[in-house]
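Following: one structure in structure tokens, then a few remarks.
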Amino acid sequence: MSKILIKNIKGLVQYGENRSAVLRGKEMKELPILENAYLALEDGVIVAYGSMDDWGGITDWRNLEVIDADGKFVMPAFCDSHTHTVFAKTREEEFVDRINGLSYEEIAMKGGGILNSARRLTEMSEDELFDQAKERIDRLMSYGTGALEIKSGYGLSVQAELKMLRVIQRLKRACPIKIKATFLGAHAFPPEYKNNHRAYLDLIINEMLPIIKEEKLADYIDVFCERNYFSVDEMEELLQAGIAIGLKPKVHVNQFSALGGIPKAVEMGALSVDHLEELTDEDIQALKGSQTMSTLLPSCSHFLSIPFGDARRLMDNNLPVALASDFNPGSTPSGNLSFVWSLACIKMKMTPEEALNALTINAAYAMDLSATHGIISLGKKTPIVLTKKIPNLAYIPYSFGDQLIERIIC
Ligand code: NIG
Ligand code: FE
């Protein structure tokens with residue numbers, strides 16, 4: 001058995017028993033921090049924590065790794081509930097095109113964007129995709145990510161979508177952190193289906209989904225509901241087909257335009273609606289009283305220079321907010337959640353506490369991991385992170401661009 005004792009912790013962050021799985025509106029302001037604390041883990045399970053003052057002491061010191069966390073904080077690892085971590089190649093040329101004046105949508109209309117990634121993915125072997133993604137995940141973990149959702153969606157053919165999902169399945173087995181797989185066959189229409197949407201929907205429903213069901217290749221179904229991509233009706237049909245084989249919806253909506261995808265996704269019981277750079281009163285009304293998490297992706301807004309999601313408006317309406325990276329080669333080439341934390345504070349005016357709640361408890365909910373992740377609680381096998389020496393917790397989002405996570409323990 002591996003046993004770890006972390007002592008002299010400057011602040012034990014986001015701890016507690018029987019806390020709620022979702023934090024809404026004002027509740028997001030509260031972030032419990034226990035000063036001068038200890039935490040004990042056995043095989044990754046939290047077996048004790050408390051103040052150093054009333055520390056009963058460890059009686060069995062055999063095989064015990066003792067970490068002195070003097071001046072450092074311990075928090076639950078971040079949960080990244082929205083990423084595209086499996087991809088073939090980075091897309092710096094589009095980055096330069098955008099600097100020279102083209103928009104993300106214009107690049108996509110020229111056959112760049114998602115279709116660019118799809119062409120490259122077709123040429124890459126499953127092993128190579130796996131090796132590259134594995135390396136990326138090791139890096140994300142070093143930044144403090146302790147759970148990861150990964151989407152397909154750069155395949156856009158039966159073969160290539162399945163290839164991506166099989167890579168994600170292998171990553172689930174090979175990585176020490178929890179990974180969830182999302183089928184995003186409806187990420188873009190392949191060029192050959194541009195004028196025959198029906199045929200691509202049929203391909204997804206009749207060819208891809210049955211194999212995904214058979215091989216248990218996905219946990220969720222996603223659709224990019226957006227002008228020039230999938231309409232609300234197309235999304236509805238695809239989500240229905242996904243639900244029929246046991247996949248919960250988690251969708252891309254309102255990145256560039258509000259088409260009514262949010263009310264529809266909520267009505268269909270979506271676990272989360274993601275992006276929301278655009279947001280209408282109708283969307284807010286639909287989200288109220290629902291079980292759907294609103295997931296905002298500030299690094300994507302930053303990289304594409306598009307509006308930031310209105311976290312304050314959501315919270316003022318007593319809604320919960322989660323934050324994720326959207327790590328992908330086109331719109332968000334960074335998976336660093338400390339940077340997401342900074343952007344949420346600087347650009348979305350979330351307090352450091354609100355943003356950390358959005359990256360832990362609410363993000364865990366957005367990937368069905370509330371039972372184990374996002375909170376330091378007795379009996380849970382929760383990945384945790386140890387920070388470097390910092391004066392206070394707000395120092396992390398304040399020091400944007402710095403890497404202040406020292407170590408992740410899974
Ligand atoms: O979430 N918006 C759609 N999908 C991704 C971007 C995909 C790409 O450009 O490769 C996103 O931003
Ligand atoms: Fe995305």
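Naming scheme: A, B, ... for chains in displayed order of the structure tokens; residues 1 onward per chain; ligands 1 onward as shown.
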
Which chains and residue numbers are within 6 Å of ligand 1, counting only C-alpha atoms and all ligand atoms, if I want them as a list in words?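 Checking only C-alpha atoms and all ligand atoms against ligand 1 at 6 Å gives Gly113, Ile114, Asp326, Asn328, Pro329, Gly330 and Ser331 of chain A.
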
Keeping only all heavy atoms, write the selected residues to a file as a compact mmCIF listing (two decimals), in the first residue's frame.
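Result saved to selection.txt:
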# COMPACT_ATOMS: atom_id res chain seq x y z
N GLY A 113 -9.34 24.99 -40.65
CA GLY A 113 -10.07 24.70 -39.42
C GLY A 113 -10.21 23.21 -39.16
O GLY A 113 -9.26 22.43 -39.34
N ILE A 114 -11.41 22.82 -38.77
CA ILE A 114 -11.66 21.43 -38.39
C ILE A 114 -11.33 20.48 -39.56
O ILE A 114 -10.77 19.40 -39.37
CB ILE A 114 -13.13 21.28 -37.93
CG1 ILE A 114 -13.34 22.11 -36.64
CG2 ILE A 114 -13.50 19.82 -37.70
CD1 ILE A 114 -14.79 22.37 -36.29
N ASP A 326 -10.90 23.62 -23.45
CA ASP A 326 -11.17 23.47 -24.90
C ASP A 326 -9.87 23.16 -25.67
O ASP A 326 -9.80 23.40 -26.88
CB ASP A 326 -11.84 24.71 -25.49
CG ASP A 326 -12.50 24.44 -26.84
OD1 ASP A 326 -12.70 23.26 -27.18
OD2 ASP A 326 -12.81 25.42 -27.56
N ASN A 328 -7.30 22.34 -28.06
CA ASN A 328 -7.38 21.81 -29.43
C ASN A 328 -6.45 22.61 -30.32
O ASN A 328 -6.03 23.70 -29.95
CB ASN A 328 -8.84 21.89 -29.94
CG ASN A 328 -9.25 23.29 -30.35
OD1 ASN A 328 -8.85 23.80 -31.38
ND2 ASN A 328 -10.05 23.96 -29.51
N PRO A 329 -6.10 22.08 -31.49
CA PRO A 329 -5.07 22.74 -32.30
C PRO A 329 -5.54 24.00 -33.03
O PRO A 329 -4.71 24.77 -33.51
CB PRO A 329 -4.69 21.66 -33.32
CG PRO A 329 -5.92 20.82 -33.46
CD PRO A 329 -6.54 20.80 -32.09
N GLY A 330 -6.87 24.23 -33.08
CA GLY A 330 -7.36 25.36 -33.88
C GLY A 330 -7.70 26.58 -33.06
O GLY A 330 -7.19 27.66 -33.30
N SER A 331 -8.56 26.40 -32.06
CA SER A 331 -9.05 27.57 -31.34
C SER A 331 -8.43 27.74 -29.96
O SER A 331 -8.61 28.79 -29.34
CB SER A 331 -10.58 27.51 -31.20
OG SER A 331 -10.97 26.52 -30.27

Mind checking which residues fall within 8 Å of Gly144 in chain A, counting only C-alpha atoms, ignoring those fewer than 6 positions away in the same chain, and posting them as number ranges by chain? A: 77-78, 337, 385, 405, 407-408

Would you mind listing, for every residue of chain A within 12 Å of ligand 2, the two atoms forming the shortest contact and the distance between them in Å to one decimal, using only C-alpha atoms and all ligand atoms, sorted by chain and ascending residue number, as a tab-separated table?
residue	atom	partner	partner_atom_place_in_ligand_line	distance
A:Asp80	CA	ligand 2	1 (Fe)	11.5
A:Ser81	CA	ligand 2	1 (Fe)	10.1
A:His82	CA	ligand 2	1 (Fe)	6.3
A:Thr83	CA	ligand 2	1 (Fe)	6.1
A:His84	CA	ligand 2	1 (Fe)	6.5
A:Thr85	CA	ligand 2	1 (Fe)	10.0
A:Val86	CA	ligand 2	1 (Fe)	12.0
A:Ile114	CA	ligand 2	1 (Fe)	10.6
A:Glu149	CA	ligand 2	1 (Fe)	10.6
A:Ile150	CA	ligand 2	1 (Fe)	9.5
A:Lys151	CA	ligand 2	1 (Fe)	8.1
A:Ser152	CA	ligand 2	1 (Fe)	10.2
A:Gly153	CA	ligand 2	1 (Fe)	9.5
A:Tyr154	CA	ligand 2	1 (Fe)	11.2
A:Thr182	CA	ligand 2	1 (Fe)	10.9
A:Phe183	CA	ligand 2	1 (Fe)	11.9
A:Leu184	CA	ligand 2	1 (Fe)	9.6
A:Ala186	CA	ligand 2	1 (Fe)	11.9
A:His187	CA	ligand 2	1 (Fe)	9.1
A:Ala188	CA	ligand 2	1 (Fe)	11.9
A:Asp222	CA	ligand 2	1 (Fe)	9.5
A:Val223	CA	ligand 2	1 (Fe)	9.9
A:Phe224	CA	ligand 2	1 (Fe)	8.3
A:Cys225	CA	ligand 2	1 (Fe)	11.3
A:Lys250	CA	ligand 2	1 (Fe)	10.5
A:Val251	CA	ligand 2	1 (Fe)	8.7
A:His252	CA	ligand 2	1 (Fe)	6.5
A:Val253	CA	ligand 2	1 (Fe)	9.6
A:Asn254	CA	ligand 2	1 (Fe)	11.5
A:Gln255	CA	ligand 2	1 (Fe)	9.4
A:Val273	CA	ligand 2	1 (Fe)	10.8
A:Asp274	CA	ligand 2	1 (Fe)	7.7
A:His275	CA	ligand 2	1 (Fe)	7.6
A:Leu276	CA	ligand 2	1 (Fe)	11.3
A:Thr295	CA	ligand 2	1 (Fe)	10.6
A:Leu296	CA	ligand 2	1 (Fe)	10.3
A:Leu297	CA	ligand 2	1 (Fe)	8.4
A:Pro298	CA	ligand 2	1 (Fe)	11.4
A:Ser299	CA	ligand 2	1 (Fe)	10.9
A:Cys300	CA	ligand 2	1 (Fe)	8.5
A:Ser301	CA	ligand 2	1 (Fe)	11.4
A:Ala324	CA	ligand 2	1 (Fe)	9.5
A:Ser325	CA	ligand 2	1 (Fe)	8.5
A:Asp326	CA	ligand 2	1 (Fe)	4.8
A:Phe327	CA	ligand 2	1 (Fe)	7.4
A:Asn328	CA	ligand 2	1 (Fe)	7.2
A:Pro329	CA	ligand 2	1 (Fe)	10.2
A:Gly330	CA	ligand 2	1 (Fe)	9.5
A:Ser331	CA	ligand 2	1 (Fe)	8.1
A:Thr332	CA	ligand 2	1 (Fe)	8.5
A:Pro333	CA	ligand 2	1 (Fe)	11.2
A:Gly335	CA	ligand 2	1 (Fe)	11.7

Give the helix (DSSP H, G or I) residues of range 21-147 of chain A, as DSSP finds them on the backbone, and put them as a compact mmCIF listing (two decimals) with all heavy atoms, in the first residue's frame.
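Wrote selection-v2.txt, looks like this:
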# COMPACT_ATOMS: atom_id res chain seq x y z
N GLY A 25 -24.69 30.31 -8.59
CA GLY A 25 -24.74 31.74 -8.25
C GLY A 25 -23.83 32.11 -7.10
O GLY A 25 -22.62 31.88 -7.13
N LYS A 26 -24.44 32.69 -6.06
CA LYS A 26 -23.67 33.19 -4.90
C LYS A 26 -22.88 32.11 -4.19
O LYS A 26 -21.86 32.39 -3.57
CB LYS A 26 -24.63 33.85 -3.90
CG LYS A 26 -25.14 35.20 -4.33
CD LYS A 26 -25.67 35.97 -3.11
CE LYS A 26 -26.08 37.38 -3.46
NZ LYS A 26 -27.16 37.43 -4.45
N GLU A 27 -23.37 30.87 -4.24
CA GLU A 27 -22.64 29.77 -3.57
C GLU A 27 -21.22 29.66 -4.11
O GLU A 27 -20.33 29.15 -3.43
CB GLU A 27 -23.34 28.42 -3.83
CG GLU A 27 -24.70 28.29 -3.19
CD GLU A 27 -25.48 27.08 -3.70
OE1 GLU A 27 -25.08 26.45 -4.72
OE2 GLU A 27 -26.50 26.77 -3.10
N MET A 28 -21.01 30.13 -5.32
CA MET A 28 -19.68 30.00 -5.92
C MET A 28 -18.64 30.90 -5.27
O MET A 28 -17.45 30.73 -5.46
CB MET A 28 -19.75 30.24 -7.44
CG MET A 28 -20.52 29.13 -8.16
SD MET A 28 -20.54 29.36 -9.93
CE MET A 28 -18.82 29.08 -10.34
N LYS A 29 -19.10 31.86 -4.49
CA LYS A 29 -18.16 32.76 -3.79
C LYS A 29 -17.43 32.07 -2.65
O LYS A 29 -16.37 32.50 -2.22
CB LYS A 29 -18.91 33.96 -3.21
CG LYS A 29 -19.42 34.94 -4.26
CD LYS A 29 -19.78 36.27 -3.60
CE LYS A 29 -20.41 37.22 -4.59
NZ LYS A 29 -19.58 37.45 -5.78
N GLU A 92 -0.33 26.19 -36.78
CA GLU A 92 0.25 27.53 -36.63
C GLU A 92 -0.03 28.40 -37.85
O GLU A 92 -0.11 29.63 -37.74
CB GLU A 92 1.78 27.45 -36.43
CG GLU A 92 2.24 26.73 -35.19
CD GLU A 92 2.35 25.22 -35.39
OE1 GLU A 92 1.55 24.63 -36.13
OE2 GLU A 92 3.24 24.62 -34.77
N GLU A 93 -0.17 27.76 -39.04
CA GLU A 93 -0.37 28.58 -40.24
C GLU A 93 -1.70 29.34 -40.16
O GLU A 93 -1.80 30.49 -40.65
CB GLU A 93 -0.27 27.71 -41.52
CG GLU A 93 -1.33 26.65 -41.74
CD GLU A 93 -1.26 25.44 -40.79
OE1 GLU A 93 -0.30 25.34 -40.00
OE2 GLU A 93 -2.18 24.61 -40.82
N GLU A 94 -2.71 28.76 -39.53
CA GLU A 94 -3.99 29.46 -39.39
C GLU A 94 -3.89 30.59 -38.37
O GLU A 94 -4.54 31.63 -38.50
CB GLU A 94 -5.09 28.48 -38.96
CG GLU A 94 -5.38 27.42 -40.02
CD GLU A 94 -6.45 26.44 -39.59
OE1 GLU A 94 -7.06 26.62 -38.52
OE2 GLU A 94 -6.68 25.48 -40.35
N PHE A 95 -3.05 30.36 -37.39
CA PHE A 95 -2.77 31.40 -36.38
C PHE A 95 -2.19 32.63 -37.09
O PHE A 95 -2.64 33.76 -36.88
CB PHE A 95 -1.78 30.78 -35.38
CG PHE A 95 -1.10 31.69 -34.41
CD1 PHE A 95 -1.83 32.40 -33.46
CD2 PHE A 95 0.29 31.81 -34.40
CE1 PHE A 95 -1.20 33.21 -32.52
CE2 PHE A 95 0.93 32.61 -33.47
CZ PHE A 95 0.18 33.32 -32.54
N VAL A 96 -1.26 32.38 -37.99
CA VAL A 96 -0.65 33.49 -38.74
C VAL A 96 -1.68 34.11 -39.69
O VAL A 96 -1.76 35.34 -39.82
CB VAL A 96 0.62 33.01 -39.49
CG1 VAL A 96 1.20 34.12 -40.35
CG2 VAL A 96 1.66 32.50 -38.49
N ASP A 97 -2.52 33.28 -40.33
CA ASP A 97 -3.58 33.82 -41.19
C ASP A 97 -4.48 34.77 -40.42
O ASP A 97 -4.91 35.81 -40.92
CB ASP A 97 -4.45 32.68 -41.75
CG ASP A 97 -3.76 31.96 -42.91
OD1 ASP A 97 -2.75 32.47 -43.42
OD2 ASP A 97 -4.25 30.86 -43.29
N ARG A 98 -4.78 34.40 -39.18
CA ARG A 98 -5.66 35.27 -38.37
C ARG A 98 -4.96 36.57 -38.00
O ARG A 98 -5.58 37.63 -38.03
CB ARG A 98 -6.15 34.53 -37.12
CG ARG A 98 -7.38 33.67 -37.40
CD ARG A 98 -8.24 33.44 -36.16
NE ARG A 98 -7.45 33.25 -34.97
CZ ARG A 98 -6.79 32.14 -34.66
NH1 ARG A 98 -6.87 31.11 -35.47
NH2 ARG A 98 -6.07 32.07 -33.57
N ILE A 99 -3.66 36.49 -37.72
CA ILE A 99 -2.91 37.72 -37.43
C ILE A 99 -2.98 38.64 -38.65
O ILE A 99 -3.13 39.85 -38.54
CB ILE A 99 -1.43 37.39 -37.09
CG1 ILE A 99 -1.37 36.60 -35.78
CG2 ILE A 99 -0.58 38.67 -37.01
CD1 ILE A 99 -0.02 35.99 -35.47
N TYR A 104 -11.59 33.23 -37.84
CA TYR A 104 -11.66 31.78 -37.66
C TYR A 104 -12.69 31.18 -38.63
O TYR A 104 -12.45 30.16 -39.27
CB TYR A 104 -12.03 31.47 -36.20
CG TYR A 104 -12.20 30.01 -35.87
CD1 TYR A 104 -11.09 29.20 -35.63
CD2 TYR A 104 -13.46 29.43 -35.79
CE1 TYR A 104 -11.23 27.87 -35.31
CE2 TYR A 104 -13.62 28.10 -35.47
CZ TYR A 104 -12.51 27.31 -35.22
OH TYR A 104 -12.66 25.99 -34.91
N GLU A 105 -13.83 31.87 -38.75
CA GLU A 105 -14.89 31.36 -39.63
C GLU A 105 -14.47 31.44 -41.10
O GLU A 105 -14.77 30.54 -41.88
CB GLU A 105 -16.18 32.14 -39.39
CG GLU A 105 -16.87 31.74 -38.09
CD GLU A 105 -18.14 32.52 -37.82
OE1 GLU A 105 -18.03 33.73 -37.53
OE2 GLU A 105 -19.23 31.94 -37.90
N GLU A 106 -13.77 32.50 -41.48
CA GLU A 106 -13.30 32.62 -42.88
C GLU A 106 -12.30 31.51 -43.21
O GLU A 106 -12.34 30.92 -44.29
CB GLU A 106 -12.67 34.00 -43.12
CG GLU A 106 -13.69 35.12 -43.26
CD GLU A 106 -13.08 36.52 -43.10
OE1 GLU A 106 -11.95 36.65 -42.58
OE2 GLU A 106 -13.76 37.47 -43.48
N ILE A 107 -11.42 31.22 -42.27
CA ILE A 107 -10.43 30.16 -42.49
C ILE A 107 -11.15 28.82 -42.67
O ILE A 107 -10.82 28.02 -43.56
CB ILE A 107 -9.43 30.10 -41.31
CG1 ILE A 107 -8.55 31.36 -41.33
CG2 ILE A 107 -8.57 28.84 -41.37
CD1 ILE A 107 -7.77 31.61 -40.06
N ALA A 108 -12.18 28.61 -41.85
CA ALA A 108 -12.95 27.36 -41.95
C ALA A 108 -13.65 27.26 -43.30
O ALA A 108 -13.67 26.20 -43.93
CB ALA A 108 -13.96 27.29 -40.81
N MET A 109 -14.20 28.38 -43.79
CA MET A 109 -14.92 28.37 -45.07
C MET A 109 -13.97 28.02 -46.23
O MET A 109 -14.40 27.48 -47.25
CB MET A 109 -15.55 29.76 -45.35
CG MET A 109 -16.58 30.20 -44.34
SD MET A 109 -18.06 29.18 -44.36
CE MET A 109 -18.93 29.93 -45.70
N ILE A 114 -11.41 22.82 -38.77
CA ILE A 114 -11.66 21.43 -38.39
C ILE A 114 -11.33 20.48 -39.56
O ILE A 114 -10.77 19.40 -39.37
CB ILE A 114 -13.13 21.28 -37.93
CG1 ILE A 114 -13.34 22.11 -36.64
CG2 ILE A 114 -13.50 19.82 -37.70
CD1 ILE A 114 -14.79 22.37 -36.29
N LEU A 115 -11.68 20.91 -40.79
CA LEU A 115 -11.42 20.04 -41.95
C LEU A 115 -9.93 19.86 -42.18
O LEU A 115 -9.47 18.80 -42.63
CB LEU A 115 -12.09 20.62 -43.21
CG LEU A 115 -13.62 20.71 -43.16
CD1 LEU A 115 -14.17 21.29 -44.47
CD2 LEU A 115 -14.25 19.35 -42.88
N ASN A 116 -9.16 20.87 -41.87
CA ASN A 116 -7.69 20.79 -41.96
C ASN A 116 -7.20 19.70 -41.00
O ASN A 116 -6.42 18.80 -41.39
CB ASN A 116 -7.13 22.17 -41.58
CG ASN A 116 -5.62 22.26 -41.69
OD1 ASN A 116 -4.95 21.29 -42.03
ND2 ASN A 116 -5.08 23.44 -41.42
N SER A 117 -7.69 19.74 -39.77
CA SER A 117 -7.29 18.71 -38.80
C SER A 117 -7.76 17.32 -39.23
O SER A 117 -7.07 16.33 -39.01
CB SER A 117 -7.87 19.02 -37.41
OG SER A 117 -7.08 19.99 -36.76
N ALA A 118 -8.93 17.25 -39.85
CA ALA A 118 -9.47 15.95 -40.26
C ALA A 118 -8.60 15.33 -41.36
O ALA A 118 -8.32 14.13 -41.34
CB ALA A 118 -10.92 16.11 -40.74
N ARG A 119 -8.15 16.16 -42.31
CA ARG A 119 -7.28 15.63 -43.38
C ARG A 119 -6.00 15.05 -42.77
O ARG A 119 -5.54 13.97 -43.14
CB ARG A 119 -6.90 16.75 -44.36
CG ARG A 119 -7.97 17.06 -45.41
CD ARG A 119 -7.43 17.98 -46.50
NE ARG A 119 -6.96 19.26 -45.99
CZ ARG A 119 -7.76 20.32 -45.76
NH1 ARG A 119 -9.05 20.24 -45.99
NH2 ARG A 119 -7.25 21.45 -45.31
N ARG A 120 -5.44 15.76 -41.83
CA ARG A 120 -4.18 15.31 -41.23
C ARG A 120 -4.36 14.07 -40.37
O ARG A 120 -3.47 13.23 -40.30
CB ARG A 120 -3.57 16.45 -40.41
CG ARG A 120 -3.09 17.56 -41.31
CD ARG A 120 -2.83 18.82 -40.56
NE ARG A 120 -2.18 19.79 -41.43
CZ ARG A 120 -1.64 20.92 -40.99
NH1 ARG A 120 -1.69 21.21 -39.71
NH2 ARG A 120 -1.06 21.74 -41.83
N LEU A 121 -5.50 13.99 -39.75
CA LEU A 121 -5.72 12.83 -38.85
C LEU A 121 -5.88 11.55 -39.64
O LEU A 121 -5.44 10.47 -39.23
CB LEU A 121 -6.94 13.08 -37.97
CG LEU A 121 -7.14 12.03 -36.89
CD1 LEU A 121 -7.27 12.67 -35.52
CD2 LEU A 121 -8.32 11.12 -37.16
N THR A 122 -6.48 11.66 -40.83
CA THR A 122 -6.68 10.48 -41.66
C THR A 122 -5.35 9.81 -41.98
O THR A 122 -5.24 8.59 -42.05
CB THR A 122 -7.38 10.88 -42.98
OG1 THR A 122 -8.55 11.60 -42.61
CG2 THR A 122 -7.77 9.69 -43.82
N GLU A 123 -4.32 10.67 -42.16
CA GLU A 123 -3.01 10.14 -42.56
C GLU A 123 -2.20 9.56 -41.39
O GLU A 123 -1.19 8.93 -41.60
CB GLU A 123 -2.17 11.28 -43.18
CG GLU A 123 -2.73 11.76 -44.51
CD GLU A 123 -2.32 13.21 -44.82
OE1 GLU A 123 -1.41 13.75 -44.16
OE2 GLU A 123 -2.96 13.79 -45.72
N GLU A 126 -2.92 5.03 -35.70
CA GLU A 126 -3.50 5.02 -34.36
C GLU A 126 -2.39 5.12 -33.30
O GLU A 126 -2.52 5.84 -32.31
CB GLU A 126 -4.31 3.73 -34.19
CG GLU A 126 -5.23 3.77 -33.01
CD GLU A 126 -6.07 2.50 -32.87
OE1 GLU A 126 -6.80 2.16 -33.83
OE2 GLU A 126 -6.01 1.87 -31.80
N ASP A 127 -1.31 4.38 -33.52
CA ASP A 127 -0.22 4.39 -32.54
C ASP A 127 0.40 5.77 -32.38
O ASP A 127 0.70 6.22 -31.28
CB ASP A 127 0.89 3.40 -32.96
CG ASP A 127 0.46 1.97 -32.69
OD1 ASP A 127 -0.53 1.78 -31.93
OD2 ASP A 127 1.09 1.05 -33.24
N GLU A 128 0.59 6.44 -33.52
CA GLU A 128 1.21 7.76 -33.46
C GLU A 128 0.28 8.76 -32.75
O GLU A 128 0.72 9.58 -31.94
CB GLU A 128 1.54 8.24 -34.87
CG GLU A 128 2.63 9.28 -34.89
CD GLU A 128 3.02 9.68 -36.31
OE1 GLU A 128 2.76 8.90 -37.26
OE2 GLU A 128 3.56 10.78 -36.46
N LEU A 129 -1.02 8.67 -33.06
CA LEU A 129 -2.00 9.55 -32.39
C LEU A 129 -1.97 9.31 -30.89
O LEU A 129 -2.00 10.25 -30.09
CB LEU A 129 -3.42 9.24 -32.90
CG LEU A 129 -3.85 9.88 -34.20
CD1 LEU A 129 -5.19 9.30 -34.63
CD2 LEU A 129 -3.96 11.40 -34.05
N PHE A 130 -1.90 8.03 -30.54
CA PHE A 130 -1.88 7.66 -29.12
C PHE A 130 -0.64 8.24 -28.44
O PHE A 130 -0.74 8.88 -27.39
CB PHE A 130 -1.91 6.13 -28.97
CG PHE A 130 -1.70 5.67 -27.56
CD1 PHE A 130 -2.77 5.58 -26.68
CD2 PHE A 130 -0.43 5.34 -27.10
CE1 PHE A 130 -2.58 5.18 -25.36
CE2 PHE A 130 -0.24 4.95 -25.78
CZ PHE A 130 -1.31 4.85 -24.92
N ASP A 131 0.52 8.01 -29.05
CA ASP A 131 1.78 8.46 -28.42
C ASP A 131 1.77 9.98 -28.21
O ASP A 131 2.18 10.48 -27.16
CB ASP A 131 2.99 8.08 -29.29
CG ASP A 131 3.23 6.57 -29.28
OD1 ASP A 131 2.68 5.89 -28.38
OD2 ASP A 131 3.93 6.08 -30.18
N GLN A 132 1.30 10.69 -29.23
CA GLN A 132 1.28 12.16 -29.12
C GLN A 132 0.32 12.63 -28.03
O GLN A 132 0.62 13.53 -27.25
CB GLN A 132 0.85 12.78 -30.45
CG GLN A 132 1.91 12.71 -31.51
CD GLN A 132 1.59 13.67 -32.67
OE1 GLN A 132 0.69 14.49 -32.57
NE2 GLN A 132 2.34 13.56 -33.74
N ALA A 133 -0.86 11.98 -28.00
CA ALA A 133 -1.86 12.40 -27.00
C ALA A 133 -1.37 12.07 -25.59
O ALA A 133 -1.56 12.86 -24.66
CB ALA A 133 -3.20 11.72 -27.27
N LYS A 134 -0.71 10.94 -25.47
CA LYS A 134 -0.21 10.52 -24.15
C LYS A 134 0.79 11.56 -23.62
O LYS A 134 0.75 11.93 -22.44
CB LYS A 134 0.46 9.14 -24.29
CG LYS A 134 1.11 8.61 -23.05
CD LYS A 134 0.07 8.03 -22.10
CE LYS A 134 0.67 7.40 -20.86
NZ LYS A 134 1.54 8.26 -20.09
N GLU A 135 1.64 12.01 -24.51
CA GLU A 135 2.62 13.03 -24.12
C GLU A 135 1.92 14.33 -23.69
O GLU A 135 2.30 14.96 -22.70
CB GLU A 135 3.50 13.32 -25.35
CG GLU A 135 4.95 13.51 -25.03
CD GLU A 135 5.75 13.67 -26.33
OE1 GLU A 135 6.02 12.63 -26.97
OE2 GLU A 135 6.06 14.82 -26.70
N ARG A 136 0.87 14.70 -24.45
CA ARG A 136 0.12 15.91 -24.09
C ARG A 136 -0.51 15.75 -22.71
O ARG A 136 -0.50 16.68 -21.89
CB ARG A 136 -1.00 16.17 -25.11
CG ARG A 136 -0.53 16.78 -26.39
CD ARG A 136 -1.67 16.97 -27.40
NE ARG A 136 -1.06 16.94 -28.72
CZ ARG A 136 -1.45 16.18 -29.73
NH1 ARG A 136 -2.53 15.41 -29.62
NH2 ARG A 136 -0.79 16.19 -30.87
N ILE A 137 -1.06 14.57 -22.45
CA ILE A 137 -1.74 14.36 -21.17
C ILE A 137 -0.73 14.44 -20.01
O ILE A 137 -1.03 15.01 -18.96
CB ILE A 137 -2.51 13.02 -21.17
CG1 ILE A 137 -3.67 13.11 -22.17
CG2 ILE A 137 -3.04 12.68 -19.77
CD1 ILE A 137 -4.38 11.80 -22.45
N ASP A 138 0.46 13.90 -20.22
CA ASP A 138 1.49 14.02 -19.17
C ASP A 138 1.74 15.50 -18.87
O ASP A 138 1.91 15.90 -17.72
CB ASP A 138 2.81 13.37 -19.62
CG ASP A 138 2.69 11.84 -19.67
OD1 ASP A 138 1.75 11.30 -19.05
OD2 ASP A 138 3.53 11.20 -20.34
N ARG A 139 1.76 16.32 -19.92
CA ARG A 139 2.00 17.75 -19.72
C ARG A 139 0.81 18.39 -18.99
O ARG A 139 0.99 19.17 -18.05
CB ARG A 139 2.23 18.43 -21.08
CG ARG A 139 2.90 19.78 -20.95
CD ARG A 139 3.32 20.35 -22.28
NE ARG A 139 2.22 20.73 -23.13
CZ ARG A 139 1.98 20.24 -24.34
NH1 ARG A 139 2.77 19.33 -24.85
NH2 ARG A 139 0.96 20.66 -25.05
N LEU A 140 -0.42 18.03 -19.41
CA LEU A 140 -1.61 18.60 -18.74
C LEU A 140 -1.61 18.24 -17.26
O LEU A 140 -1.95 19.06 -16.40
CB LEU A 140 -2.89 18.09 -19.40
CG LEU A 140 -3.10 18.44 -20.87
CD1 LEU A 140 -4.44 17.90 -21.37
CD2 LEU A 140 -3.05 19.95 -21.08
N MET A 141 -1.20 17.01 -16.96
CA MET A 141 -1.14 16.59 -15.55
C MET A 141 -0.12 17.43 -14.78
O MET A 141 -0.36 17.81 -13.63
CB MET A 141 -0.80 15.11 -15.46
CG MET A 141 -1.96 14.21 -15.83
SD MET A 141 -1.49 12.46 -15.85
CE MET A 141 -0.90 12.26 -14.18
N SER A 142 0.98 17.73 -15.42
CA SER A 142 1.99 18.54 -14.72
C SER A 142 1.45 19.94 -14.43
O SER A 142 1.92 20.64 -13.55
CB SER A 142 3.30 18.61 -15.51
OG SER A 142 3.17 19.51 -16.59

Pick from A:Ala286, A:Leu31, A:Ala48, A:Ala258 nearest to Val232 in chain A, counting only C-alpha atoms: A:Ala258

When DSSP is applied to the backbone of this structure, which of range 269-375 of chain A are assigned strand (DSSP E or B)? Write them out as a ChimeraX atom specification. /A:272-275,293-296,320-323,328,332

Rank A:Ile9, A:Leu271, A:Cys175, A:Ala355 by their smallest atom-to-atom distance to Ala311 in chain A, using only C-alpha atoms, and report the top residue only.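 Using only C-alpha atoms, the shortest distance to Ala311 in chain A belongs to A:Ala355.
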
Counting only C-alpha atoms, the residue among A:Val158, A:Val22, A:Ile205, A:Glu30 that lies closest to Ala322 in chain A is A:Val22

Please identify every residue of range 353-400 of chain A that has at least one atom no farther than 12 Å from an atom of range 35-41 of chain A, counting only C-alpha atoms, and for each give the shortest atom pair and the distance in Å to one decimal, arranged by chain then increasing number, as a tab-separated table.
residue	atom	partner	partner_atom	distance
A:Ile376	CA	A:Leu39	CA	9.3
A:Ser377	CA	A:Leu39	CA	10.3
A:Leu378	CA	A:Leu41	CA	9.6
A:Gly379	CA	A:Leu41	CA	9.4
A:Lys380	CA	A:Leu41	CA	9.6
A:Lys381	CA	A:Leu41	CA	8.7
A:Thr382	CA	A:Leu41	CA	9.5
A:Pro383	CA	A:Leu41	CA	10.3
A:Ile384	CA	A:Leu41	CA	10.1
A:Val385	CA	A:Leu39	CA	11.7
A:Leu386	CA	A:Leu39	CA	11.2
A:Asn392	CA	A:Glu35	CA	10.9
A:Leu393	CA	A:Glu35	CA	11.6
